>>> print(open('my_file.txt').read())   # compact mmCIF, C-alpha atoms
# COMPACT_ATOMS: atom_id res chain seq x y z
CA MET A 1 51.47 -42.69 12.13
CA GLY A 2 55.13 -43.14 11.19
CA PHE A 3 57.89 -40.63 10.74
CA CYS A 4 55.63 -37.62 11.35
CA LYS A 5 53.79 -38.90 14.44
CA GLY A 6 52.83 -42.01 16.36
CA SER A 7 54.96 -45.14 16.36
CA ALA A 8 57.49 -45.59 13.57
CA THR A 9 58.70 -48.67 11.76
CA LEU A 10 61.73 -48.43 9.56
CA SER A 11 63.69 -50.51 7.11
CA ARG A 12 67.10 -48.86 6.67
CA TYR A 13 68.97 -48.88 3.38
CA ARG A 14 72.36 -47.63 2.28
CA VAL A 15 72.36 -45.92 -1.13
CA MET A 16 75.23 -47.60 -2.98
CA GLU A 17 75.59 -45.19 -5.89
CA GLU A 18 75.44 -41.49 -6.60
CA PRO A 19 73.60 -39.94 -9.57
CA GLU A 20 76.02 -39.08 -12.39
CA ALA A 21 75.43 -35.35 -12.03
CA GLY A 22 75.34 -35.53 -8.22
CA LEU A 23 72.37 -35.64 -5.90
CA THR A 24 70.44 -32.43 -6.52
CA VAL A 25 66.94 -31.30 -5.65
CA ASP A 26 66.14 -31.12 -9.39
CA PHE A 27 67.26 -34.72 -9.91
CA VAL A 28 65.01 -35.95 -7.11
CA ARG A 29 62.06 -33.80 -8.20
CA GLU A 30 62.23 -34.81 -11.87
CA ARG A 31 62.38 -38.51 -11.01
CA LEU A 32 59.56 -38.27 -8.49
CA VAL A 33 57.30 -36.44 -10.95
CA ALA A 34 58.10 -38.92 -13.72
CA ASN A 35 57.10 -41.79 -11.43
CA ALA A 36 54.26 -40.09 -9.58
CA PHE A 37 51.21 -42.12 -8.61
CA MET A 38 48.59 -42.55 -11.36
CA ASP A 39 45.01 -42.65 -10.12
CA ILE A 40 43.05 -45.76 -11.14
CA GLU A 41 39.78 -44.85 -9.42
CA ASP A 42 37.71 -44.79 -12.63
CA THR A 43 39.44 -47.62 -14.42
CA SER A 44 39.50 -51.38 -14.12
CA GLU A 45 43.26 -51.49 -13.48
CA GLU A 46 44.11 -53.87 -10.66
CA SER A 47 46.95 -51.91 -9.11
CA SER A 48 48.96 -48.73 -9.31
CA VAL A 49 52.18 -47.81 -7.51
CA GLY A 50 53.88 -44.41 -7.49
CA TRP A 51 55.06 -41.46 -5.41
CA VAL A 52 52.87 -38.86 -3.74
CA GLU A 53 53.75 -35.90 -1.56
CA LEU A 54 54.33 -36.50 2.13
CA MET A 55 51.63 -34.10 3.30
CA ASN A 56 49.21 -34.53 0.40
CA HIS A 57 48.48 -38.08 -0.66
CA LEU A 58 46.47 -36.86 -3.65
CA SER A 59 49.29 -34.88 -5.24
CA GLY A 60 52.32 -35.93 -7.25
CA GLY A 61 53.29 -32.35 -8.18
CA PHE A 62 56.39 -32.21 -5.94
CA SER A 63 57.28 -28.55 -5.79
CA GLU A 64 60.50 -28.24 -3.78
CA GLU A 65 58.87 -27.16 -0.51
CA THR A 66 56.73 -30.31 -0.47
CA PHE A 67 59.58 -32.82 -0.32
CA HIS A 68 62.92 -31.11 0.41
CA PHE A 69 63.47 -30.31 4.07
CA GLY A 70 67.07 -29.45 4.91
CA GLU A 71 69.17 -32.55 4.27
CA ILE A 72 66.08 -34.74 3.96
CA HIS A 73 63.97 -35.64 0.95
CA ALA A 74 60.62 -36.97 2.18
CA PHE A 75 57.80 -38.49 0.16
CA ASN A 76 55.25 -41.28 0.21
CA LEU A 77 54.94 -44.45 -1.78
CA ARG A 78 51.28 -44.96 -2.62
CA GLN A 79 49.94 -48.32 -3.70
CA ASP A 80 46.29 -48.74 -4.70
CA GLU A 81 44.97 -52.23 -5.28
CA ARG A 82 41.70 -53.86 -6.23
CA ARG A 83 41.14 -57.42 -5.21
CA LEU A 84 38.63 -59.71 -6.83
CA SER A 85 38.16 -63.14 -5.34
CA GLY A 86 37.98 -66.13 -7.67
CA LYS A 87 34.81 -67.20 -5.84
CA ILE A 88 32.91 -64.01 -6.71
CA LEU A 89 34.15 -64.07 -10.31
CA GLY A 90 33.08 -67.72 -10.60
CA ARG A 91 29.61 -66.92 -9.28
CA TYR A 92 29.06 -64.13 -11.82
CA VAL A 93 30.41 -66.27 -14.67
CA GLY A 94 28.02 -69.05 -13.57
CA LEU A 95 25.07 -66.64 -13.63
CA TRP A 96 26.00 -65.49 -17.14
CA GLU A 97 26.34 -69.12 -18.33
CA ALA A 98 22.89 -69.98 -16.97
CA LYS A 99 21.40 -66.95 -18.71
CA PHE A 100 23.22 -67.79 -21.96
CA ALA A 101 21.94 -71.39 -21.81
CA ALA A 102 18.37 -70.22 -21.14
CA GLN A 103 18.47 -67.86 -24.13
CA THR A 104 20.22 -70.12 -26.66
CA GLY A 105 19.43 -73.61 -25.44
CA ARG A 106 23.14 -74.54 -25.38
CA LYS A 107 26.22 -73.97 -23.25
CA PRO A 108 28.79 -71.37 -24.36
CA ASN A 109 31.85 -72.77 -26.14
CA ALA A 110 35.35 -72.31 -24.65
CA PRO A 111 36.39 -69.13 -26.57
CA LYS A 112 33.06 -67.43 -25.81
CA ARG A 113 33.34 -68.40 -22.15
CA ARG A 114 36.92 -67.03 -21.93
CA GLU A 115 35.86 -63.78 -23.60
CA MET A 116 32.88 -63.27 -21.27
CA LYS A 117 34.91 -64.21 -18.19
CA GLU A 118 37.39 -61.42 -18.99
CA THR A 119 34.54 -58.94 -19.65
CA ILE A 120 32.90 -59.84 -16.34
CA ARG A 121 36.24 -59.65 -14.52
CA LEU A 122 36.93 -56.13 -15.81
CA ASP A 123 33.38 -55.03 -14.99
CA LEU A 124 33.63 -56.34 -11.43
CA LEU A 125 37.06 -54.78 -10.98
CA ARG A 126 35.74 -51.39 -12.09
CA ARG A 127 32.98 -51.65 -9.49
CA SER A 128 35.16 -52.87 -6.62
CA LEU A 129 36.64 -50.55 -3.99
CA LEU A 130 40.31 -49.61 -3.99
CA ASP A 131 42.57 -50.47 -1.08
CA THR A 132 45.13 -47.69 -0.56
CA LYS A 133 48.44 -48.21 1.21
CA LEU A 134 50.95 -45.47 2.01
CA MET A 135 54.58 -45.97 2.97
CA GLU A 136 56.67 -43.00 4.03
CA VAL A 137 60.18 -42.66 2.62
CA LEU A 138 62.97 -40.47 3.99
CA TRP A 139 66.16 -39.98 1.99
CA LEU A 140 68.85 -38.68 4.32
CA ALA A 141 71.28 -37.24 1.81
CA GLU A 142 74.13 -36.48 4.16
CA ALA A 143 74.03 -39.88 5.86
CA ASN A 144 73.55 -41.55 2.48
CA GLU A 145 70.63 -43.52 3.91
CA VAL A 146 67.06 -44.21 2.92
CA TRP A 147 64.38 -45.17 5.45
CA LEU A 148 61.23 -46.94 4.42
CA GLY A 149 58.45 -46.54 6.96
CA ALA A 150 57.38 -50.17 6.67
CA ALA A 151 58.66 -53.67 7.33
CA GLY A 152 58.10 -57.05 5.71
CA GLU A 153 59.46 -58.65 2.57
CA LYS A 154 56.44 -57.78 0.41
CA ASN A 155 56.48 -54.07 1.28
CA ARG A 156 60.24 -53.90 0.80
CA ALA A 157 59.98 -55.57 -2.62
CA VAL A 158 57.37 -53.02 -3.82
CA PHE A 159 59.54 -50.16 -2.57
CA GLU A 160 62.83 -51.51 -3.95
CA ASP A 161 61.25 -52.03 -7.37
CA LEU A 162 59.79 -48.51 -7.55
CA TRP A 163 63.00 -46.98 -6.18
CA SER A 164 65.08 -48.76 -8.78
CA ARG A 165 62.75 -47.70 -11.64
CA THR A 166 62.70 -44.11 -10.35
CA PHE A 167 66.26 -43.34 -9.36
CA GLY A 168 68.29 -46.24 -10.81
CA LEU A 169 70.50 -46.23 -7.71
CA GLY A 170 71.41 -49.46 -5.92
CA LEU A 171 70.23 -50.00 -2.34
CA LYS A 172 71.40 -52.39 0.35
CA LEU A 173 69.25 -53.20 3.35
CA LEU A 174 71.22 -52.52 6.52
CA VAL A 175 70.94 -55.99 8.05
CA PRO A 176 73.39 -57.05 10.81
CA VAL A 177 76.11 -58.41 8.51
CA ALA A 178 75.98 -55.26 6.35
CA VAL A 179 76.40 -53.02 9.40
CA GLY A 180 79.29 -55.19 10.56
CA LEU A 181 81.04 -54.96 7.19
CA GLU A 182 80.66 -51.18 7.22
CA LEU A 183 81.80 -50.47 10.74
CA LEU A 184 84.42 -53.07 11.67
CA SER A 185 88.14 -52.78 11.02
CA ASP A 186 89.59 -54.62 7.99
CA ALA A 187 90.93 -57.46 10.14
CA LYS A 188 87.60 -57.94 11.91
CA ARG A 189 85.72 -57.83 8.59
CA LYS A 190 87.73 -60.80 7.35
CA GLN A 191 86.98 -62.62 10.61
CA LEU A 192 83.29 -61.79 10.26
CA LEU A 193 83.14 -63.28 6.76
CA ASN A 194 84.57 -66.55 8.14
CA LEU A 195 82.45 -66.62 11.28
CA ASP A 196 79.96 -69.45 11.89
CA GLY A 197 77.04 -69.30 14.28
CA ARG A 198 77.38 -71.07 17.58
CA PRO A 199 74.67 -71.40 20.23
CA PHE A 200 75.78 -69.96 23.56
CA PHE A 201 75.42 -73.20 25.50
CA GLU A 202 76.74 -75.58 22.85
CA GLY A 203 79.14 -78.17 24.25
CA GLU A 204 78.02 -77.49 27.81
CA MET B 205 78.85 -43.50 -1.09
CA PRO B 206 79.22 -47.19 -0.29
CA ARG B 207 81.05 -47.56 2.93
CA ARG B 208 83.86 -50.13 2.86
CA TYR B 209 82.25 -52.96 0.90
CA ASP B 210 80.37 -53.54 -2.30
CA LEU B 211 78.56 -56.69 -3.33
CA GLU B 212 76.25 -57.66 -6.16
CA ARG B 213 72.63 -58.13 -5.13
CA ASP B 214 72.66 -61.95 -5.28
CA ASP B 215 75.95 -62.18 -3.38
CA PHE B 216 74.54 -59.83 -0.76
CA LEU B 217 71.35 -61.92 -0.33
CA GLU B 218 73.45 -65.07 -0.03
CA LEU B 219 75.69 -63.45 2.59
CA TRP B 220 72.65 -62.19 4.50
CA GLN B 221 71.23 -65.73 4.62
CA GLU B 222 74.58 -67.20 5.62
CA LYS B 223 75.03 -64.70 8.46
CA MET B 224 71.41 -64.66 9.62
CA PHE B 225 72.60 -66.05 12.96
CA LEU B 226 74.27 -62.72 13.80
CA GLY B 227 70.97 -61.01 14.62
CA GLN B 228 69.86 -63.86 16.90
CA GLU B 229 73.22 -64.02 18.65
CA PHE B 230 73.23 -60.24 19.07
CA LEU B 231 69.72 -60.10 20.57
CA THR B 232 70.47 -63.06 22.85
CA TRP B 233 73.67 -61.39 24.05
CA LEU B 234 71.90 -58.03 24.49
CA TRP B 235 69.11 -59.64 26.51
CA LEU B 236 71.38 -61.68 28.78
CA ALA B 237 73.94 -58.90 29.20
CA SER B 238 71.20 -56.34 29.96
CA GLU B 239 69.71 -58.67 32.58
CA ALA B 240 73.15 -59.28 34.05
CA ASP B 241 74.41 -55.72 34.22
CA ASN B 242 71.93 -53.44 32.46
CA ASN B 243 74.30 -50.67 31.28
CA PHE B 244 76.38 -50.40 28.14
CA VAL B 245 79.07 -47.88 27.35
CA LEU B 246 79.59 -47.48 23.62
CA LYS B 247 82.77 -46.51 21.76
CA ASP B 248 81.41 -42.98 21.22
CA GLY B 249 81.02 -42.62 24.99
CA ALA B 250 77.21 -42.94 25.02
CA GLU B 251 75.93 -44.69 28.15
CA LEU B 252 72.87 -46.79 27.42
CA THR B 253 70.42 -48.64 29.58
CA VAL B 254 68.58 -51.46 27.87
CA PHE B 255 65.47 -53.16 29.28
CA PHE B 256 63.70 -56.10 27.72
CA ASP B 257 60.20 -55.40 28.93
CA GLY B 258 57.87 -57.04 26.44
CA SER B 259 57.38 -60.49 24.98
CA LEU B 260 60.49 -62.36 23.91
CA LYS B 261 60.46 -65.00 21.19
CA LEU B 262 63.19 -67.64 21.27
CA GLU B 263 63.91 -70.18 18.55
CA ARG B 264 66.17 -73.10 17.85
CA GLY B 265 66.67 -75.01 14.59
CA LEU B 266 65.26 -74.43 11.13
CA GLY B 267 62.23 -75.47 9.05
CA ASP B 268 60.41 -78.56 10.35
CA PHE B 269 62.91 -78.86 13.19
CA LYS B 270 62.31 -75.34 14.48
CA GLN B 271 61.35 -75.10 18.15
CA SER B 272 60.13 -71.81 19.51
CA LEU B 273 58.78 -70.32 22.70
CA THR B 274 57.35 -66.93 23.57
CA SER B 275 57.91 -65.64 27.06
CA GLN B 276 56.51 -62.62 28.87
CA PRO B 277 58.65 -60.39 31.10
CA PRO B 278 58.48 -60.61 34.90
CA ARG B 279 55.91 -58.29 36.44
CA ARG B 280 57.59 -58.34 39.84
CA PRO B 281 61.30 -58.66 40.69
CA ASP B 282 60.69 -62.10 42.24
CA SER B 283 58.48 -63.29 39.39
CA GLN B 284 59.31 -66.53 37.59
CA ALA B 285 58.20 -65.24 34.20
CA TRP B 286 61.66 -65.16 32.60
CA THR B 287 62.51 -68.61 33.95
CA GLU B 288 61.07 -70.33 30.90
CA ALA B 289 63.08 -68.02 28.62
CA PHE B 290 66.31 -68.57 30.59
CA ILE B 291 65.80 -72.34 30.50
CA GLY B 292 65.20 -72.01 26.76
CA ALA B 293 68.44 -70.03 26.40
CA ALA B 294 70.31 -72.66 28.40
CA ARG B 295 68.98 -75.21 25.89
CA ASN B 296 70.44 -73.19 23.04
CA LYS B 297 67.33 -71.36 21.96
CA GLN B 298 68.17 -67.86 20.76
CA VAL B 299 66.17 -64.64 20.65
CA ALA B 300 64.29 -64.31 17.34
CA SER B 301 62.43 -61.11 18.24
CA ALA B 302 62.08 -58.91 21.26
CA LYS B 303 60.41 -55.82 22.66
CA LEU B 304 62.78 -53.55 24.48
CA ARG B 305 63.52 -50.07 25.72
CA VAL B 306 66.72 -48.17 25.08
CA ALA B 307 67.46 -45.16 27.28
CA CYS B 308 70.23 -42.59 26.99
CA ARG B 309 70.24 -39.54 29.25
CA GLU B 310 66.78 -37.94 29.02
CA ARG B 311 65.79 -39.90 25.89
CA GLU B 312 64.02 -43.22 25.74
CA TRP B 313 62.79 -45.35 22.88
CA SER B 314 60.56 -48.42 23.05
CA LEU B 315 60.65 -50.73 20.06
CA SER B 316 60.51 -54.26 18.69
CA LEU B 317 63.51 -55.80 16.99
CA PRO B 318 63.32 -58.85 14.73
CA ALA B 319 66.62 -60.74 14.59
CA ASP B 320 66.67 -61.23 10.80
CA THR B 321 66.94 -57.55 9.87
CA LEU B 322 67.27 -55.68 13.19
CA CYS B 323 65.05 -53.04 11.55
CA PRO B 324 63.19 -51.31 14.41
CA ARG B 325 59.40 -51.69 14.47
CA GLY B 326 56.76 -49.78 16.40
CA VAL B 327 59.28 -47.25 17.72
CA ARG B 328 57.83 -44.92 20.31
CA ILE B 329 59.94 -41.92 21.20
CA MET B 330 59.30 -40.84 24.75
CA ALA B 331 60.68 -37.33 24.13
CA ALA B 332 58.48 -36.68 21.08
CA GLY B 333 55.02 -36.51 22.67
CA ASP B 334 54.95 -32.73 22.60
CA ALA B 335 56.04 -32.60 18.96
CA ASP B 336 53.12 -34.88 18.05
CA LYS B 337 50.65 -32.64 19.80
CA GLU B 338 52.11 -29.55 18.15
CA ALA B 339 51.96 -31.25 14.75
CA GLU B 340 48.26 -32.01 15.13
CA GLU B 341 47.44 -28.51 16.32
CA ASP B 342 49.48 -26.27 14.05
CA GLY B 343 49.29 -27.72 10.56
CA ALA B 344 51.86 -28.37 7.87
CA LEU B 345 54.76 -26.27 9.15
CA ALA B 346 54.62 -27.83 12.61
CA ARG B 347 54.33 -31.26 11.02
CA ILE B 348 57.53 -30.65 9.08
CA GLY B 349 59.20 -29.47 12.29
CA ALA B 350 57.98 -32.61 14.06
CA LEU B 351 59.24 -34.74 11.16
CA LEU B 352 62.73 -33.24 11.39
CA ASP B 353 62.79 -33.61 15.18
CA ARG B 354 61.64 -37.20 15.00
CA ALA B 355 64.06 -38.05 12.18
CA SER B 356 66.88 -36.75 14.36
CA LEU B 357 65.68 -38.84 17.34
CA LEU B 358 65.31 -41.93 15.15
CA SER B 359 68.84 -41.34 13.80
CA GLU B 360 70.05 -41.23 17.38
CA LEU B 361 68.34 -44.55 18.08
CA ASN B 362 69.92 -46.06 14.95
CA ASP B 363 73.34 -44.86 16.11
CA HIS B 364 72.81 -46.51 19.50
CA LEU B 365 71.66 -49.78 17.93
CA GLU B 366 74.65 -49.74 15.56
CA GLY B 367 76.91 -48.99 18.51
CA LEU B 368 75.50 -51.94 20.47
CA LEU B 369 75.82 -54.23 17.44
CA THR B 370 79.41 -53.14 16.84
CA SER B 371 80.26 -53.71 20.52
CA PHE B 372 78.80 -57.19 20.25
CA LEU B 373 80.61 -58.02 17.01
CA GLU B 374 83.96 -56.81 18.32
CA LEU B 375 83.48 -58.91 21.43
CA ARG B 376 82.22 -61.90 19.44
CA LEU B 377 85.27 -61.77 17.17
CA SER B 378 87.74 -61.43 20.04
CA GLN B 379 89.26 -64.04 22.33
CA LYS B 380 87.33 -62.43 25.19
CA TRP B 381 84.14 -63.97 23.81
CA GLU B 382 85.08 -67.59 24.57
CA GLY B 383 87.40 -66.71 27.44
CA GLU B 384 85.29 -64.30 29.46
CA GLU B 385 81.92 -63.22 28.07
CA LEU B 386 80.34 -66.61 27.30
CA PRO B 387 81.41 -68.16 30.64
CA ARG B 388 80.07 -65.06 32.45
CA LEU B 389 76.68 -65.21 30.71
CA ARG B 390 76.43 -69.00 31.10
CA GLN B 391 77.17 -68.75 34.79
CA TRP B 392 74.66 -65.95 35.20
CA VAL B 393 71.89 -67.92 33.43
CA ARG B 394 72.65 -71.09 35.41
CA ARG B 395 72.51 -69.19 38.66
CA TRP B 396 69.24 -67.51 37.70
CA VAL B 397 67.62 -70.78 36.70
CA LYS B 398 68.81 -72.48 39.88
CA GLU B 399 67.67 -69.69 42.18
CA GLY B 400 64.41 -69.33 40.28
CA SER B 401 63.74 -73.04 40.63
CA LYS B 402 64.44 -72.89 44.37
CA ALA B 403 62.13 -69.95 44.81
CA ALA B 404 59.45 -71.70 42.80
CA SER B 405 59.56 -74.91 44.87
>>> encode(input="my_file.txt", output="structure tokens")
Amino acid sequence: MGFCKGSATLSRYRVMEEPEAGLTVDFVRERLVANAFMDIEDTSEESSVGWVELMNHLSGGFSEETFHFGEIHAFNLRQDERRLSGKILGRYVGLWEAKFAAQTGRKPNAPKRREMKETIRLDLLRRSLLDTKLMEVLWLAEANEVWLGAAGEKNRAVFEDLWSRTFGLGLKLLVPVAVGLELLSDAKRKQLLNLDGRPFFEGE
Amino acid sequence: MPRRYDLERDDFLELWQEKMFLGQEFLTWLWLASEADNNFVLKDGAELTVFFDGSLKLERGLGDFKQSLTSQPPRRPDSQAWTEAFIGAARNKQVASAKLRVACREREWSLSLPADTLCPRGVRIMAAGDADKEAEEDGALARIGALLDRASLLSELNDHLEGLLTSFLELRLSQKWEGEELPRLRQWVRRWVKEGSKAAS
């Protein structure tokens, strides 16, 4: 699904800056590799975000032929997350407290309880399944545009943060007012900045 | 490089909020104008046909005072299904999101557009069916070919949407908006509601 096949969703951005040494394949490759996705399968980390290749979601190697296609740089943002509900954590902490009380004849004090809660949390996280999300990204060098194959504020925030850490180049989402400011004449741009909304049937 | 304007992030977010009405006004205009005359000729000469053929969400007001309605498209030419939406428009509700089709020569795209960003969602490219099939059958190389083909078709759609938005903005910022376009659309909606009501009774 997405840019390769099926239905596509896209959030369009304008890249507002150029890398100091120009936009080269090496620049893109080095940054992608440095911010490639780190696997957290065998850890108790709660989340991991990074880049993977477009055609191989398990690889962050990024040899040129895997991401550079003509004027397009294409890659995937991969986000793995583990979720642990407070209810489940509470149940396991309760079980441990009952066991502790049965063994010692007293309830655990606050520091002991905090320590065990964290131990139980990490243990449960390690045992819980990962939820993997992929978002395709196309960087259209000639058009100076970036497309994120996802919508929604949350997805855009994850992408914008990783983009900024990776490339350090400013992005602007191409919302209606941004398109207007780019494409209208100078006189119309001034008018646009002073324009107020008015329902079509107001004053009827 | 930045084209024609540059704003700090916070200023940009503030401007986006302040001009959020543009997307709603644009979609409302596009819907009414497409129902009234269906075809659009853009500055670059492209001739587009736009159909609103899925659910339409209209809104008025903000926060606790927000009123909204969702309307389905007519299934038959004499259907009353849009009546509710037209009455809503006549009461100053504006389109908050819509499903539509954009056609240009042999190409056609179906998509959803939310008014806040106008970022296309669920885009289906009618001309790309064969590329999909090829991509599934022939592995990585064909998938890259399909990606490049689809990127080009999505770029074309973006150009058309930008062209439509620019046409709207130029009209909205001209004297023709109050003098000709708004009266034309108002009259068209009034007539539709009146005739629809007659047919319904």
>>> residues_around(input="my_file.txt", residues="Leu369 in chain B", least_positions_apart="2", cutoff="9 Å", atoms="all atoms listed in the file", output="list of chain:residue names")
A:Pro176, A:Val179, A:Gly180, B:Gly227, B:Phe230, B:Leu234, B:His364, B:Leu365, B:Glu366, B:Gly367, B:Ser371, B:Phe372, B:Leu373, B:Glu374
>>> closest_residue(input="my_file.txt", among="A:Glu53, A:Ile72, A:Gly203, A:Val175", to="chain B", atoms="all atoms listed in the file")
A:Val175
>>> closest_residue(input="my_file.txt", among="A:Lys188, A:Arg127, A:Lys154, A:Lys172", to="Asp42 in chain A", atoms="all atoms listed in the file")
A:Arg127
>>> interface_residues(input="my_file.txt", of="chain A", to="chain B", cutoff="9 Å", atoms="only C-alpha atoms", output="number ranges by chain")
A: 2-12, 14-18, 55, 69-70, 72, 138, 144, 150-151, 170-184, 186, 188, 191-193, 195-202
>>> closest_residue(input="my_file.txt", among="A:Leu129, A:Glu81, A:Met116, A:Gly105", to="Val93 in chain A", atoms="only C-alpha atoms")
A:Met116
>>> atom_distance(input="my_file.txt", atom1="CA of Pro278 in chain B", atom2="CA of Phe244 in chain B")
21.7 Å
>>> atom_distance(input="my_file.txt", atom1="CA of Glu399 in chain B", atom2="CA of Val306 in chain B")
27.5 Å
>>> residues_around(input="my_file.txt", residues="Gly168 in chain A", least_positions_apart="5", cutoff="10 Å", atoms="only C-alpha atoms", output="VMD selection string")
chain A and resid 17 to 19 31 161 to 163
>>> closest_residue(input="my_file.txt", among="A:Phe159, A:Tyr13, A:Phe67, A:Phe27", to="Val146 in chain A", atoms="only C-alpha atoms")
A:Tyr13
>>> closest_residue(input="my_file.txt", among="A:Asn109, A:Ser47, A:Ala141, A:Arg91", to="Thr24 in chain A", atoms="all atoms listed in the file")
A:Ala141
>>> atom_distance(input="my_file.txt", atom1="CA of Asp241 in chain B", atom2="CA of Val393 in chain B")
12.5 Å
>>> residues_around(input="my_file.txt", residues="range 249-259 of chain B", least_positions_apart="3", cutoff="9 Å", atoms="only C-alpha atoms", output="PDB file with C-alpha atoms, in the frame of the given file")
ATOM      1  CA  LEU B 234      71.900 -58.030  24.490  1.00  0.00           C
ATOM      2  CA  TRP B 235      69.110 -59.640  26.510  1.00  0.00           C
ATOM      3  CA  SER B 238      71.200 -56.340  29.960  1.00  0.00           C
ATOM      4  CA  GLU B 239      69.710 -58.670  32.580  1.00  0.00           C
ATOM      5  CA  ASN B 242      71.930 -53.440  32.460  1.00  0.00           C
ATOM      6  CA  ASN B 243      74.300 -50.670  31.280  1.00  0.00           C
ATOM      7  CA  PHE B 244      76.380 -50.400  28.140  1.00  0.00           C
ATOM      8  CA  VAL B 245      79.070 -47.880  27.350  1.00  0.00           C
ATOM      9  CA  LEU B 246      79.590 -47.480  23.620  1.00  0.00           C
ATOM     10  CA  THR B 274      57.350 -66.930  23.570  1.00  0.00           C
ATOM     11  CA  SER B 275      57.910 -65.640  27.060  1.00  0.00           C
ATOM     12  CA  GLN B 276      56.510 -62.620  28.870  1.00  0.00           C
ATOM     13  CA  PRO B 277      58.650 -60.390  31.100  1.00  0.00           C
ATOM     14  CA  PRO B 278      58.480 -60.610  34.900  1.00  0.00           C
ATOM     15  CA  SER B 301      62.430 -61.110  18.240  1.00  0.00           C
ATOM     16  CA  ALA B 302      62.080 -58.910  21.260  1.00  0.00           C
ATOM     17  CA  LYS B 303      60.410 -55.820  22.660  1.00  0.00           C
ATOM     18  CA  LEU B 304      62.780 -53.550  24.480  1.00  0.00           C
ATOM     19  CA  ARG B 305      63.520 -50.070  25.720  1.00  0.00           C
ATOM     20  CA  VAL B 306      66.720 -48.170  25.080  1.00  0.00           C
ATOM     21  CA  ALA B 307      67.460 -45.160  27.280  1.00  0.00           C
ATOM     22  CA  CYS B 308      70.230 -42.590  26.990  1.00  0.00           C
ATOM     23  CA  ARG B 309      70.240 -39.540  29.250  1.00  0.00           C
ATOM     24  CA  SER B 316      60.510 -54.260  18.690  1.00  0.00           C
ATOM     25  CA  HIS B 364      72.810 -46.510  19.500  1.00  0.00           C
ATOM     26  CA  GLY B 367      76.910 -48.990  18.510  1.00  0.00           C
TER      27      GLY B 367
END
>>> decode(input="my_file.txt", residues="range 172-198 of chain A", atoms="C-alpha atoms", output="compact mmCIF listing (two decimals), in the first residue's frame")
# COMPACT_ATOMS: atom_id res chain seq x y z
CA LYS A 172 7.04 23.39 5.81
CA LEU A 173 3.82 21.46 5.35
CA LEU A 174 2.16 22.56 2.13
CA VAL A 175 -1.18 23.63 3.61
CA PRO A 176 -3.49 25.95 1.61
CA VAL A 177 -2.01 29.24 2.86
CA ALA A 178 1.54 28.02 2.15
CA VAL A 179 0.61 27.07 -1.42
CA GLY A 180 -1.04 30.46 -1.86
CA LEU A 181 2.04 32.32 -0.61
CA GLU A 182 4.22 30.35 -3.01
CA LEU A 183 2.14 30.65 -6.14
CA LEU A 184 0.36 34.01 -6.04
CA SER A 185 1.75 37.30 -7.33
CA ASP A 186 3.25 39.73 -4.79
CA ALA A 187 0.13 41.91 -4.77
CA LYS A 188 -2.17 38.93 -4.21
CA ARG A 189 0.10 37.58 -1.46
CA LYS A 190 -0.35 40.80 0.50
CA GLN A 191 -4.11 40.54 -0.01
CA LEU A 192 -4.04 36.92 1.14
CA LEU A 193 -2.26 37.83 4.37
CA ASN A 194 -5.04 40.36 5.13
CA LEU A 195 -7.92 38.12 4.08
CA ASP A 196 -10.57 37.05 6.59
CA GLY A 197 -12.88 34.09 6.19
CA ARG A 198 -16.44 34.78 5.18
